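Student: Take a look at the following structure, please.
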Amino acid sequence: MDLPIPEEVEGVEAAGALTAAFDRILADGFARLTPAQTEALGELAAALEGSALGALTREAVDALSEGQLLGHHLAVLAGARLAIEGARADALWQVAATATGVSLASAESTQPAPDPEATTRMAAVQTWLTEVALAGLRQLDNATIVPIAATLEGVQSLPELQGLAAMLTGFASELLDHAPTSSQSDLPLRRWADLWCQCMVLTVGLPEAVTPREVEGELRILGAEIRHHDHVVSLMAHGVLTET
């Protein structure tokens with residue numbers, strides 16, 4: 001089915017350009033911001049003006065342009081990129097839902113608080129991710145990547161950090177497989193930017209836990225798929241629930 005993007009959501013393409021510009025900066029390294037790159041980050045902040053992240057994003061961009069290369073500023077930018085990508089996904093989901101007549105509903109969730117040990121592990125991961133961002137995805141070598149190994153072991157030992165552990169393990173392994181990245185001509189920069197941002201945001205707080213809802217009815221499984229990589233596996237089932 002060919003689903004053209006309606007005019008009211010034409011900003012999807014413009015939002016994609018914003019995140020692509022961010023990805024190029026992350027590839028080059030935040031320690032070497034050029035005037036053009038600072039301007040691109042300003043456009044990202046402008047796109048979020050009026051939102052909950054707007055003021056924080058502007059503050060982070062101003063701080064980075066002044067040479068304040070701190071992890072919490074980069075974490076804000078990671079959240080900004082994810083917010084833009086989330087808005088794009090929501091707009092496209094709505095287009096698909098309208099075309100197919102499917103009703104979209106938001107699940108209720110709660111925000112758990114990490115304990116002190118988890119907070120310490122998350123801060124250590126943020127420090128490493130900051131070093132990666134400052135160096136740039138195209139400028140990484142073993143000396144920059146390997147130090148995460150000791151921290152990763154601690155993250156993997158905490159049940160509440162399993163989401164971060166799985167994502168970070170895969171990310172670090174991919175970086176090591178391509179190191180030194182400066183010698184590689186074809187890097188998966190968009191994928192790495194996604195992983196970097198997801199991991200960075202997960203160092204700020206634990207992911208929301210979806211509140212379960214009891215239902216009664218007949219569930220017909222239409223299909224299932226196994227998603228896995230070297231460090232984690234999950235089973236995704238698709239079906240139709242007829243509630244009674």
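So you can find residues: chains in the structure tokens are A, B, ... in the order shown, residues in each start at 1, and ligands are numbered from 1 in order.
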Quick one: everything within 10 Å of Thr120 in chain A, counting only C-alpha atoms, minus sequence neighbours fewer than 6 positions away in the same chain. Send it as a list in words.

Tutor: Pro114, Gln126, Thr151, Gly154, Val155 and Thr203 of chain A

Student: Within 8 Å of range 171-182 of chain A, counting only C-alpha atoms, which residues qualify if same-chain residues fewer than 5 places away don't, as a PyMOL selection string?

Tutor: chain A and resi 137-142+145-146+148+187+192+195-196

Student: Put those residues in a file: N, CA and C atoms, as an mmCIF file, in the first residue's frame.

Tutor:
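Now in out.cif:
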```cif
data_model
loop_
_atom_site.group_PDB
_atom_site.id
_atom_site.type_symbol
_atom_site.label_atom_id
_atom_site.label_comp_id
_atom_site.auth_asym_id
_atom_site.auth_seq_id
_atom_site.Cartn_x
_atom_site.Cartn_y
_atom_site.Cartn_z
ATOM 1 N N LEU A 137 32.179 9.520 16.370
ATOM 2 C CA LEU A 137 32.028 8.128 15.960
ATOM 3 C C LEU A 137 33.007 7.727 14.869
ATOM 4 N N ARG A 138 33.502 8.685 14.105
ATOM 5 C CA ARG A 138 34.462 8.371 13.048
ATOM 6 C C ARG A 138 35.900 8.390 13.556
ATOM 7 N N GLN A 139 36.106 8.678 14.834
ATOM 8 C CA GLN A 139 37.475 8.826 15.346
ATOM 9 C C GLN A 139 37.752 7.894 16.526
ATOM 10 N N LEU A 140 37.080 6.759 16.601
ATOM 11 C CA LEU A 140 37.202 5.875 17.758
ATOM 12 C C LEU A 140 38.248 4.790 17.528
ATOM 13 N N ASP A 141 38.974 4.481 18.603
ATOM 14 C CA ASP A 141 39.916 3.371 18.574
ATOM 15 C C ASP A 141 39.724 2.541 19.835
ATOM 16 N N ASN A 142 40.481 1.484 19.973
ATOM 17 C CA ASN A 142 40.323 0.592 21.122
ATOM 18 C C ASN A 142 40.531 1.307 22.444
ATOM 19 N N ILE A 145 37.226 2.789 23.364
ATOM 20 C CA ILE A 145 36.090 1.883 23.500
ATOM 21 C C ILE A 145 36.247 0.906 24.661
ATOM 22 N N VAL A 146 37.420 0.328 24.818
ATOM 23 C CA VAL A 146 37.638 -0.757 25.789
ATOM 24 C C VAL A 146 37.315 -0.377 27.231
ATOM 25 N N ILE A 148 34.901 0.766 28.660
ATOM 26 C CA ILE A 148 33.524 0.511 29.074
ATOM 27 C C ILE A 148 33.349 -0.899 29.617
ATOM 28 N N LEU A 187 30.371 3.394 7.593
ATOM 29 C CA LEU A 187 29.950 3.142 8.961
ATOM 30 C C LEU A 187 28.437 3.312 9.099
ATOM 31 N N TRP A 192 24.279 3.905 14.833
ATOM 32 C CA TRP A 192 25.092 4.204 16.008
ATOM 33 C C TRP A 192 24.590 5.434 16.743
ATOM 34 N N LEU A 195 21.684 4.277 18.801
ATOM 35 C CA LEU A 195 22.135 3.532 19.978
ATOM 36 C C LEU A 195 22.763 4.462 21.012
ATOM 37 N N TRP A 196 23.589 5.400 20.545
ATOM 38 C CA TRP A 196 24.224 6.338 21.478
ATOM 39 C C TRP A 196 23.174 7.145 22.222
#
```

Student: From the options A:Leu44, A:Ala27, A:Val95, A:Ala60, which residue's atoms come nearest to Asp194 in chain A, counting only C-alpha atoms?

Tutor: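 Smallest distance to Asp194 in chain A is found for A:Ala27.
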
Student: Residues within 8 Å of Thr38 in chain A, please, as a PyMOL selection string. Count only C-alpha atoms; anything in the same chain fewer than 4 positions from it doesn't count.

Tutor: chain A and resi 33-34+42+61+65

Student: Go ahead and dump the residues you just picked, all heavy atoms, as a compact mmCIF listing (two decimals), in the first residue's frame.

Tutor:
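The resulting file, part_15.txt, is reproduced below:
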```txt
# COMPACT_ATOMS: atom_id res chain seq x y z
N LEU A 33 33.40 21.41 17.39
CA LEU A 33 32.24 22.04 16.77
C LEU A 33 32.66 23.21 15.88
O LEU A 33 33.43 24.07 16.28
CB LEU A 33 31.27 22.55 17.84
CG LEU A 33 30.42 21.52 18.58
CD1 LEU A 33 29.57 22.21 19.64
CD2 LEU A 33 29.54 20.74 17.61
N THR A 34 32.14 23.22 14.68
CA THR A 34 32.36 24.33 13.76
C THR A 34 31.17 25.30 13.88
O THR A 34 30.11 24.93 14.40
CB THR A 34 32.46 23.83 12.32
OG1 THR A 34 31.19 23.28 11.93
CG2 THR A 34 33.53 22.76 12.19
N GLY A 42 21.53 24.73 16.86
CA GLY A 42 20.57 25.77 17.18
C GLY A 42 19.23 25.54 16.50
O GLY A 42 18.17 25.83 17.07
N VAL A 61 22.88 23.68 24.00
CA VAL A 61 23.55 24.14 22.78
C VAL A 61 24.45 25.33 23.09
O VAL A 61 25.61 25.39 22.63
CB VAL A 61 22.52 24.50 21.70
CG1 VAL A 61 23.20 25.19 20.52
CG2 VAL A 61 21.78 23.25 21.22
N SER A 65 28.57 25.33 22.72
CA SER A 65 29.21 26.30 21.83
C SER A 65 30.24 27.14 22.56
O SER A 65 31.16 27.68 21.94
CB SER A 65 28.15 27.21 21.20
OG SER A 65 27.51 28.00 22.18
```

Student: Give me, as an MDAnalysis selection string, the residues of range 152-214 of chain A that a backbone DSSP run labels helix (DSSP H, G or I).

Tutor: chainID A and resid 152:156 159:178 181:183 189:202

Student: Go through A:Ala55, A:Ala47, A:Cys197, A:Ile221 and flag the residue nearest Ala14 in chain A, using only C-alpha atoms for the distances.

Tutor: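 The shortest atom-to-atom distance to Ala14 in chain A comes from A:Ala47.
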
Student: Which distance in Å separates CA of Leu26 in chain A and CA of Asp90 in chain A, to one decimal?

Tutor: 24.5 Å

Student: To one decimal place, how far is CA of Ala75 in chain A from CA of Val12 in chain A in Å?

Tutor: 23.2 Å

Student: Counting only C-alpha atoms, figure out which residue out of A:Ser185, A:Ser157, A:Glu43, A:Leu53 gets nearest to Ala15 in chain A.

Tutor: A:Glu43

Student: Taking into account only C-alpha atoms, which residue in the set A:Ala123, A:Ala150, A:Ala89, A:Leu41 is nearest to His72 in chain A?

Tutor: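 Of all the options, A:Ala123 lies closest to His72 in chain A.
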
Student: From the set A:Leu168, A:Val232, A:Val76, A:Val240, which residue has the shortest atom-to-atom contact distance to Gly217 in chain A, counting only C-alpha atoms?

Tutor: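 Closest candidate: A:Val240.
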
Student: Ranking A:Ala20, A:Ala99, A:Leu74, A:Ile226 by minimum distance to Ala193 in chain A and counting only C-alpha atoms, which one comes first?

Tutor: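 Distance minimum relative to Ala193 in chain A lands on A:Ala20.
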
Student: Would you kindly return, as a PyMOL selection string, each protein, DNA or RNA residue with an atom no farther than 12 Å from any atom of Pro159 in chain A, considering only C-alpha atoms and excluding same-chain residues fewer than 3 positions away?

Tutor: chain A and resi 114-115+117-118+154-156+162-166+206

Student: Taking the DSSP secondary structure from the backbone, can you list the residues of range 149-238 of chain A that are strand (DSSP E), as a VMD selection string?

Tutor: chain A and resid 209 to 210 217 to 228 233 to 238

Student: Quick check, in Å to one decimal: how far apart do CA of Ala83 in chain A and CA of Gly136 in chain A lie?

Tutor: 21.7 Å

Student: For Gly71 in chain A, find every residue with an atom within 12 Å (counting only C-alpha atoms), except residues of its own chain fewer than 4 positions away, and show them as a PyMOL selection string.

Tutor: chain A and resi 30+60+63-64+75-78+122-134+200-201+203-204

Student: For the selection you just gave me, I'd like the residues written to a file as an mmCIF file, in the first residue's frame, keeping C-alpha atoms.

Tutor:
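Final file, selection.cif:
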```
data_model
loop_
_atom_site.group_PDB
_atom_site.id
_atom_site.type_symbol
_atom_site.label_atom_id
_atom_site.label_comp_id
_atom_site.auth_asym_id
_atom_site.auth_seq_id
_atom_site.Cartn_x
_atom_site.Cartn_y
_atom_site.Cartn_z
ATOM 1 C CA PHE A 30 31.447 17.477 19.751
ATOM 2 C CA ALA A 60 22.794 22.763 26.256
ATOM 3 C CA ALA A 63 26.961 25.639 26.768
ATOM 4 C CA LEU A 64 28.542 23.372 24.156
ATOM 5 C CA ALA A 75 22.253 13.879 27.507
ATOM 6 C CA VAL A 76 19.791 16.703 26.828
ATOM 7 C CA LEU A 77 20.748 16.719 23.144
ATOM 8 C CA ALA A 78 20.305 12.944 23.024
ATOM 9 C CA MET A 122 24.454 4.933 35.044
ATOM 10 C CA ALA A 123 26.767 7.874 35.753
ATOM 11 C CA ALA A 124 29.798 5.788 34.763
ATOM 12 C CA VAL A 125 28.146 4.847 31.478
ATOM 13 C CA GLN A 126 27.313 8.498 30.815
ATOM 14 C CA THR A 127 30.963 9.424 31.313
ATOM 15 C CA TRP A 128 32.030 6.883 28.685
ATOM 16 C CA LEU A 129 29.317 7.941 26.251
ATOM 17 C CA THR A 130 30.466 11.523 26.683
ATOM 18 C CA GLU A 131 34.013 10.528 25.727
ATOM 19 C CA VAL A 132 32.647 8.778 22.635
ATOM 20 C CA ALA A 133 30.651 11.862 21.631
ATOM 21 C CA LEU A 134 33.565 14.219 22.138
ATOM 22 C CA MET A 200 22.639 8.218 26.916
ATOM 23 C CA VAL A 201 18.990 8.831 27.830
ATOM 24 C CA THR A 203 21.789 6.998 31.994
ATOM 25 C CA VAL A 204 19.483 9.805 33.153
#
```
